[in-house]
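Peer 1: Sharing protein.csv (CSV, C-alpha atoms and all ligand atoms) below.
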```
chain,number,residue,atom,x,y,z
A,5,MET,CA,0.0,0.0,0.0
A,6,ASN,CA,1.3,3.4,-1.0
A,7,LYS,CA,1.4,5.6,2.0
A,8,GLN,CA,2.7,8.7,0.3
A,9,VAL,CA,4.6,9.6,3.4
A,10,ALA,CA,5.8,13.2,3.7
A,11,SER,CA,9.5,13.4,4.4
A,12,GLN,CA,9.0,15.0,7.8
A,13,GLU,CA,7.0,11.9,8.9
A,14,LEU,CA,9.5,9.5,7.6
A,15,ASP,CA,9.9,6.3,9.6
A,16,LEU,CA,13.5,5.3,9.1
A,17,ALA,CA,13.0,2.4,11.5
A,18,ARG,CA,10.5,1.0,9.1
A,19,ILE,CA,13.1,1.2,6.3
A,20,THR,CA,15.6,-0.6,8.4
A,21,GLN,CA,13.0,-3.3,9.1
A,22,LEU,CA,12.3,-3.6,5.3
A,23,ILE,CA,16.0,-4.1,4.6
A,24,THR,CA,16.2,-6.8,7.3
A,25,GLU,CA,13.1,-8.6,6.0
A,26,HIS,CA,14.4,-8.4,2.5
A,27,GLY,CA,17.8,-9.9,3.2
A,28,GLN,CA,21.0,-7.9,3.2
A,29,GLN,CA,22.5,-9.2,0.0
A,30,LYS,CA,23.7,-6.8,-2.7
A,31,TRP,CA,21.6,-8.6,-5.3
A,32,ALA,CA,18.5,-7.7,-3.3
A,33,LEU,CA,19.0,-4.0,-3.9
A,34,ILE,CA,16.5,-3.5,-6.8
A,35,PRO,CA,13.7,-5.5,-5.3
A,36,LEU,CA,14.3,-3.7,-2.0
A,37,LEU,CA,14.1,-0.3,-3.7
A,38,HIS,CA,10.8,-1.3,-5.2
A,39,LYS,CA,9.5,-2.5,-1.9
A,40,ILE,CA,10.5,0.8,-0.2
A,41,GLN,CA,8.9,2.8,-3.0
A,42,ASN,CA,5.7,0.7,-2.9
A,43,GLU,CA,5.4,1.4,0.8
A,44,PHE,CA,6.4,5.1,1.0
A,45,GLY,CA,5.5,6.2,-2.5
A,46,TYR,CA,9.1,7.1,-3.3
A,47,ILE,CA,12.6,6.3,-2.0
A,48,PRO,CA,13.4,8.8,0.6
A,49,PRO,CA,16.9,10.2,0.1
A,50,GLN,CA,17.6,9.8,3.8
A,51,SER,CA,17.2,6.1,3.3
A,52,ILE,CA,20.0,5.8,0.8
A,53,PRO,CA,23.0,5.8,3.3
A,54,ILE,CA,21.1,3.3,5.5
A,55,ILE,CA,20.5,0.9,2.5
A,56,ALA,CA,24.1,1.3,1.4
A,57,THR,CA,25.5,0.4,4.8
A,58,GLN,CA,23.2,-2.6,5.3
A,59,LEU,CA,24.0,-4.0,1.9
A,60,GLY,CA,27.7,-3.2,1.9
A,61,LEU,CA,27.5,-0.7,-0.9
A,62,PHE,CA,28.6,2.9,-1.3
A,63,PRO,CA,25.7,5.4,-1.2
A,64,SER,CA,26.7,6.5,-4.7
A,65,GLN,CA,26.1,3.0,-6.0
A,66,VAL,CA,22.6,3.0,-4.6
A,67,GLN,CA,22.0,6.5,-6.0
A,68,GLY,CA,23.4,5.3,-9.3
A,69,VAL,CA,20.9,2.4,-9.5
A,70,ILE,CA,18.0,4.7,-8.6
A,71,SER,CA,19.0,7.2,-11.3
A,72,PHE,CA,19.3,4.5,-13.9
A,73,TYR,CA,15.8,3.2,-13.5
A,74,THR,CA,13.2,5.9,-14.5
A,75,GLN,CA,10.5,4.2,-12.5
A,76,LEU,CA,12.3,4.8,-9.2
A,77,TYR,CA,11.8,8.1,-7.6
A,78,THR,CA,13.5,10.0,-4.7
A,79,GLN,CA,10.8,12.6,-4.5
A,80,PRO,CA,7.2,12.1,-3.3
A,81,ARG,CA,4.8,11.4,-6.2
A,82,GLY,CA,1.2,12.5,-6.6
A,83,ARG,CA,-1.6,10.1,-6.2
A,84,LYS,CA,-2.4,10.9,-9.9
A,85,VAL,CA,0.2,11.4,-12.5
A,86,VAL,CA,-0.8,13.8,-15.3
A,87,ARG,CA,1.2,13.2,-18.5
A,88,VAL,CA,0.9,15.8,-21.2
A,89,CYS,CA,2.0,14.6,-24.7
A,90,ARG,CA,4.8,16.7,-26.3
A,91,GLY,CA,5.0,14.5,-29.4
A,92,THR,CA,4.9,16.0,-32.9
A,93,ALA,CA,1.2,15.3,-33.6
A,94,CYS,CA,0.2,16.8,-30.3
A,95,HIS,CA,2.6,19.7,-30.6
A,96,VAL,CA,1.2,20.8,-34.0
A,97,ARG,CA,-2.3,20.6,-32.6
A,98,GLY,CA,-1.7,22.8,-29.6
A,99,GLY,CA,0.0,20.5,-27.1
A,100,LYS,CA,2.2,23.3,-25.9
A,101,THR,CA,-0.8,25.4,-24.9
A,102,ILE,CA,-2.4,22.4,-23.1
A,103,LEU,CA,0.8,21.9,-21.1
A,104,LYS,CA,0.9,25.6,-20.2
A,105,LEU,CA,-2.7,25.5,-19.0
A,106,VAL,CA,-2.2,22.3,-17.0
A,107,LYS,CA,0.9,23.9,-15.3
A,108,GLN,CA,-1.2,27.0,-14.5
A,109,HIS,CA,-4.1,24.9,-13.2
A,110,LEU,CA,-1.9,22.7,-11.0
A,111,GLY,CA,0.5,25.5,-10.1
A,112,ILE,CA,3.5,23.3,-10.7
A,113,GLU,CA,6.1,22.8,-13.4
A,114,GLU,CA,7.0,19.6,-15.3
A,115,GLY,CA,8.5,17.0,-12.9
A,116,GLU,CA,6.9,18.6,-9.8
A,117,THR,CA,4.2,17.4,-7.4
A,118,THR,CA,1.5,19.5,-5.9
A,119,PRO,CA,2.0,20.2,-2.2
A,120,ASP,CA,-1.1,18.1,-1.3
A,121,LEU,CA,0.5,15.1,-3.1
A,122,GLU,CA,-2.5,14.9,-5.4
A,123,TYR,CA,-0.8,15.4,-8.8
A,124,THR,CA,2.6,14.9,-10.4
A,125,LEU,CA,3.1,16.5,-13.8
A,126,GLU,CA,5.1,14.9,-16.5
A,127,THR,CA,5.4,15.1,-20.2
A,128,VAL,CA,5.8,12.1,-22.6
A,129,ALA,CA,7.2,11.7,-26.1
A,130,CYS,CA,4.0,10.0,-27.5
A,131,ILE,CA,1.0,8.4,-25.8
A,132,GLY,CA,0.3,6.3,-28.9
A,133,VAL,CA,-3.1,7.8,-29.8
A,134,CYS,CA,-1.8,10.5,-32.2
A,135,ALA,CA,-5.1,10.6,-34.1
A,136,LEU,CA,-6.7,12.1,-31.0
A,137,ALA,CA,-4.1,14.9,-30.6
A,138,PRO,CA,-3.6,16.8,-28.5
A,139,ASN,CA,-3.6,14.3,-25.7
A,140,MET,CA,-3.0,14.0,-22.0
A,141,VAL,CA,-3.3,11.1,-19.5
A,142,VAL,CA,-4.5,11.4,-15.9
A,143,GLY,CA,-3.8,8.2,-14.0
A,144,ASN,CA,-4.6,5.5,-16.5
A,145,GLN,CA,-7.2,7.5,-18.5
A,146,VAL,CA,-6.4,9.0,-21.8
A,147,HIS,CA,-8.0,12.3,-22.6
A,148,GLY,CA,-8.0,13.1,-26.3
A,149,HIS,CA,-8.8,16.2,-28.4
A,150,MET,CA,-7.8,18.4,-25.5
A,151,ASN,CA,-8.6,22.1,-25.5
A,152,PRO,CA,-8.6,24.8,-22.8
A,153,LYS,CA,-12.2,23.9,-21.7
A,154,LYS,CA,-11.4,20.2,-21.4
A,155,VAL,CA,-8.3,20.9,-19.3
A,156,GLU,CA,-10.6,22.6,-16.8
A,157,GLN,CA,-13.2,19.8,-17.0
A,158,VAL,CA,-10.6,17.0,-16.6
A,159,LEU,CA,-8.9,18.7,-13.6
A,160,LYS,CA,-12.1,20.3,-12.2
A,161,LYS,CA,-12.3,18.0,-9.1
A,162,ARG,CA,-9.2,19.8,-7.9
A,163,GLU,CA,-11.0,23.1,-8.0
A,164,ALA,CA,-13.8,21.7,-6.0
A,165,LYS,CA,-11.5,21.0,-3.1
A,166,PRO,CA,-11.5,23.5,-0.2
B,201,LIG,S1,2.3,12.6,-30.5
B,201,LIG,FE1,0.8,12.8,-28.9
B,201,LIG,S2,-0.1,10.8,-28.9
B,201,LIG,FE2,1.4,10.6,-30.4
```
Could you show the structure in this file as structure tokens?
Peer 2:
Amino acid sequence: MNKQVASQELDLARITQLITEHGQQKWALIPLLHKIQNEFGYIPPQSIPIIATQLGLFPSQVQGVISFYTQLYTQPRGRKVVRVCRGTACHVRGGKTILKLVKQHLGIEEGETTPDLEYTLETVACIGVCALAPNMVVGNQVHGHMNPKKVEQVLKKREAKP
């Protein structure tokens, strides 16, 4: 279960427990990183020296593995990931404007997460549904033929929050 724990609430003892449960072998590093990310929503940077010590690695080696795999994150992620397509088909049909509006609406830049941990904003090279351009994805749902009004509609639940 993804707890999306804020860094100030981080339970380092739980991370040590996960390492112990997972086995302190070097080959266990990647499964361990996934386990920590699944539980905390990301790999807290403070956990990297602990993981390194327990597995007999340098912190730079652990950081290197995290950096190599794009699905591993050292920053908290939003419960929903918004991906705006920046591919050619979407670009020529206004994708740049869609991205700008989404940034304004969420108040974050590409690669950032809203303070309430609701949304993370990313861009992608192509979603694979170019005929519907311009496109964006929220969670697992593709939204095609995007326009300014649809951006508001797709993200309107956020506005309804107090
Ligand atoms: S370029 Fe946007 S879906 Fe392909």
Peer 1: Tell me which of A:Gln65, A:Thr92, A:Gln29, A:Thr101 sits closest to ligand LIG 201 (chain B), counting only C-alpha atoms and all ligand atoms.
Peer 2: A:Thr92
Peer 1: Just the residues within 9 Å of region 73-88 of chain A, please, counting only C-alpha atoms, with nothing from its chain fewer than 4 positions along; format it as number ranges by chain.
Peer 2: A: 6, 8-11, 37-38, 41, 44-49, 68-69, 99-100, 102-103, 106, 116-129, 131, 138-144
Peer 1: With distances taken over all atoms listed in the file, which residue among A:His26, A:His149, A:Arg90, A:Lys107 lies nearest ligand LIG 201 (chain B)?
Peer 2: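 Nearest to ligand LIG 201 (chain B): A:Arg90.
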Peer 1: Which residue gives the smallest distance to Gln21 (chain A) among A:Ile70, A:Ile55, A:Ile112, A:Leu33, with all atoms listed in the file counted?
Peer 2: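 Of all the options, A:Ile55 lies closest to Gln21 (chain A).
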Peer 1: With distances taken over only C-alpha atoms, which residue among A:Val66, A:Leu22, A:Met150, A:Ala32 lies nearest Arg97 (chain A)?
Peer 2: A:Met150
Peer 1: Restricting the calculation to only C-alpha atoms and all ligand atoms, which member of A:His147, A:Lys160, A:His95, A:His109 is positioned closest to ligand LIG 201 (chain B)?
Peer 2: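 With only C-alpha atoms and all ligand atoms as the atom set, the closest residue is A:His95.
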Peer 1: Could you put an axis-aligned box around every listed atom of ligand LIG 201 (chain B), padded by 6 Å on each side, and send me its centre and edge lengths in Å to one decimal, as AutoDock Vina command-line options?
Peer 2:
```
--center_x 1.1 --center_y 11.7 --center_z -29.7 --size_x 14.4 --size_y 14.2 --size_z 13.6
```
Peer 1: How far is it from CA of Ala93 (chain A) to CA of Val158 (chain A), in Å with one decimal?
Peer 2: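 Between CA of Ala93 (chain A) and CA of Val158 (chain A) the gap works out to 20.8 Å.
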Peer 1: What is the distance, in Å and to one decimal place, between CA of Leu14 (chain A) and CA of Ala56 (chain A)?
Peer 2: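 So the answer is 17.9 Å.
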Peer 1: Pick from A:Val146, A:Val96, A:Cys89, A:Leu159: nearest to ligand LIG 201 (chain B), with all atoms listed in the file counted?
Peer 2: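 Closest candidate: A:Cys89.
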Peer 1: Quick one: region 126-138 of chain A with N, CA, C and O atoms, as a PDB file, in the frame of the given file?
Peer 2:
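Generated file (out_12.pdb):
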```pdb
ATOM      1  N   GLU A 126       4.046  15.356 -15.634  1.00  0.00           N
ATOM      2  CA  GLU A 126       5.100  14.900 -16.500  1.00  0.00           C
ATOM      3  C   GLU A 126       4.752  15.143 -17.955  1.00  0.00           C
ATOM      4  O   GLU A 126       3.590  15.361 -18.264  1.00  0.00           O
ATOM      5  N   THR A 127       5.739  15.066 -18.821  1.00  0.00           N
ATOM      6  CA  THR A 127       5.400  15.100 -20.200  1.00  0.00           C
ATOM      7  C   THR A 127       5.959  13.741 -20.824  1.00  0.00           C
ATOM      8  O   THR A 127       6.857  13.117 -20.254  1.00  0.00           O
ATOM      9  N   VAL A 128       5.370  13.339 -21.934  1.00  0.00           N
ATOM     10  CA  VAL A 128       5.800  12.100 -22.600  1.00  0.00           C
ATOM     11  C   VAL A 128       6.006  12.369 -24.086  1.00  0.00           C
ATOM     12  O   VAL A 128       5.407  13.295 -24.641  1.00  0.00           O
ATOM     13  N   ALA A 129       6.818  11.535 -24.704  1.00  0.00           N
ATOM     14  CA  ALA A 129       7.200  11.700 -26.100  1.00  0.00           C
ATOM     15  C   ALA A 129       5.998  11.389 -27.036  1.00  0.00           C
ATOM     16  O   ALA A 129       5.805  12.014 -28.076  1.00  0.00           O
ATOM     17  N   CYS A 130       5.199  10.408 -26.682  1.00  0.00           N
ATOM     18  CA  CYS A 130       4.000  10.000 -27.500  1.00  0.00           C
ATOM     19  C   CYS A 130       3.202   9.050 -26.638  1.00  0.00           C
ATOM     20  O   CYS A 130       3.752   8.112 -26.066  1.00  0.00           O
ATOM     21  N   ILE A 131       1.907   9.282 -26.571  1.00  0.00           N
ATOM     22  CA  ILE A 131       1.000   8.400 -25.800  1.00  0.00           C
ATOM     23  C   ILE A 131       0.595   7.204 -26.677  1.00  0.00           C
ATOM     24  O   ILE A 131       0.200   6.168 -26.184  1.00  0.00           O
ATOM     25  N   GLY A 132       0.666   7.380 -27.989  1.00  0.00           N
ATOM     26  CA  GLY A 132       0.300   6.300 -28.900  1.00  0.00           C
ATOM     27  C   GLY A 132      -1.079   6.427 -29.496  1.00  0.00           C
ATOM     28  O   GLY A 132      -1.563   5.503 -30.138  1.00  0.00           O
ATOM     29  N   VAL A 133      -1.719   7.551 -29.251  1.00  0.00           N
ATOM     30  CA  VAL A 133      -3.100   7.800 -29.800  1.00  0.00           C
ATOM     31  C   VAL A 133      -3.020   9.126 -30.568  1.00  0.00           C
ATOM     32  O   VAL A 133      -3.845  10.010 -30.322  1.00  0.00           O
ATOM     33  N   CYS A 134      -2.079   9.247 -31.489  1.00  0.00           N
ATOM     34  CA  CYS A 134      -1.800  10.500 -32.200  1.00  0.00           C
ATOM     35  C   CYS A 134      -3.055  11.064 -32.891  1.00  0.00           C
ATOM     36  O   CYS A 134      -3.209  12.282 -33.037  1.00  0.00           O
ATOM     37  N   ALA A 135      -3.945  10.168 -33.358  1.00  0.00           N
ATOM     38  CA  ALA A 135      -5.100  10.600 -34.100  1.00  0.00           C
ATOM     39  C   ALA A 135      -6.042  11.473 -33.202  1.00  0.00           C
ATOM     40  O   ALA A 135      -6.873  12.230 -33.709  1.00  0.00           O
ATOM     41  N   LEU A 136      -5.893  11.343 -31.894  1.00  0.00           N
ATOM     42  CA  LEU A 136      -6.700  12.100 -31.000  1.00  0.00           C
ATOM     43  C   LEU A 136      -6.060  13.392 -30.484  1.00  0.00           C
ATOM     44  O   LEU A 136      -6.564  14.072 -29.604  1.00  0.00           O
ATOM     45  N   ALA A 137      -4.905  13.719 -31.054  1.00  0.00           N
ATOM     46  CA  ALA A 137      -4.100  14.900 -30.600  1.00  0.00           C
ATOM     47  C   ALA A 137      -4.896  16.160 -30.540  1.00  0.00           C
ATOM     48  O   ALA A 137      -5.776  16.364 -31.384  1.00  0.00           O
ATOM     49  N   PRO A 138      -4.574  17.026 -29.565  1.00  0.00           N
ATOM     50  CA  PRO A 138      -3.600  16.800 -28.500  1.00  0.00           C
ATOM     51  C   PRO A 138      -4.110  16.015 -27.341  1.00  0.00           C
ATOM     52  O   PRO A 138      -5.283  16.101 -27.015  1.00  0.00           O
TER      53      PRO A 138
END
```
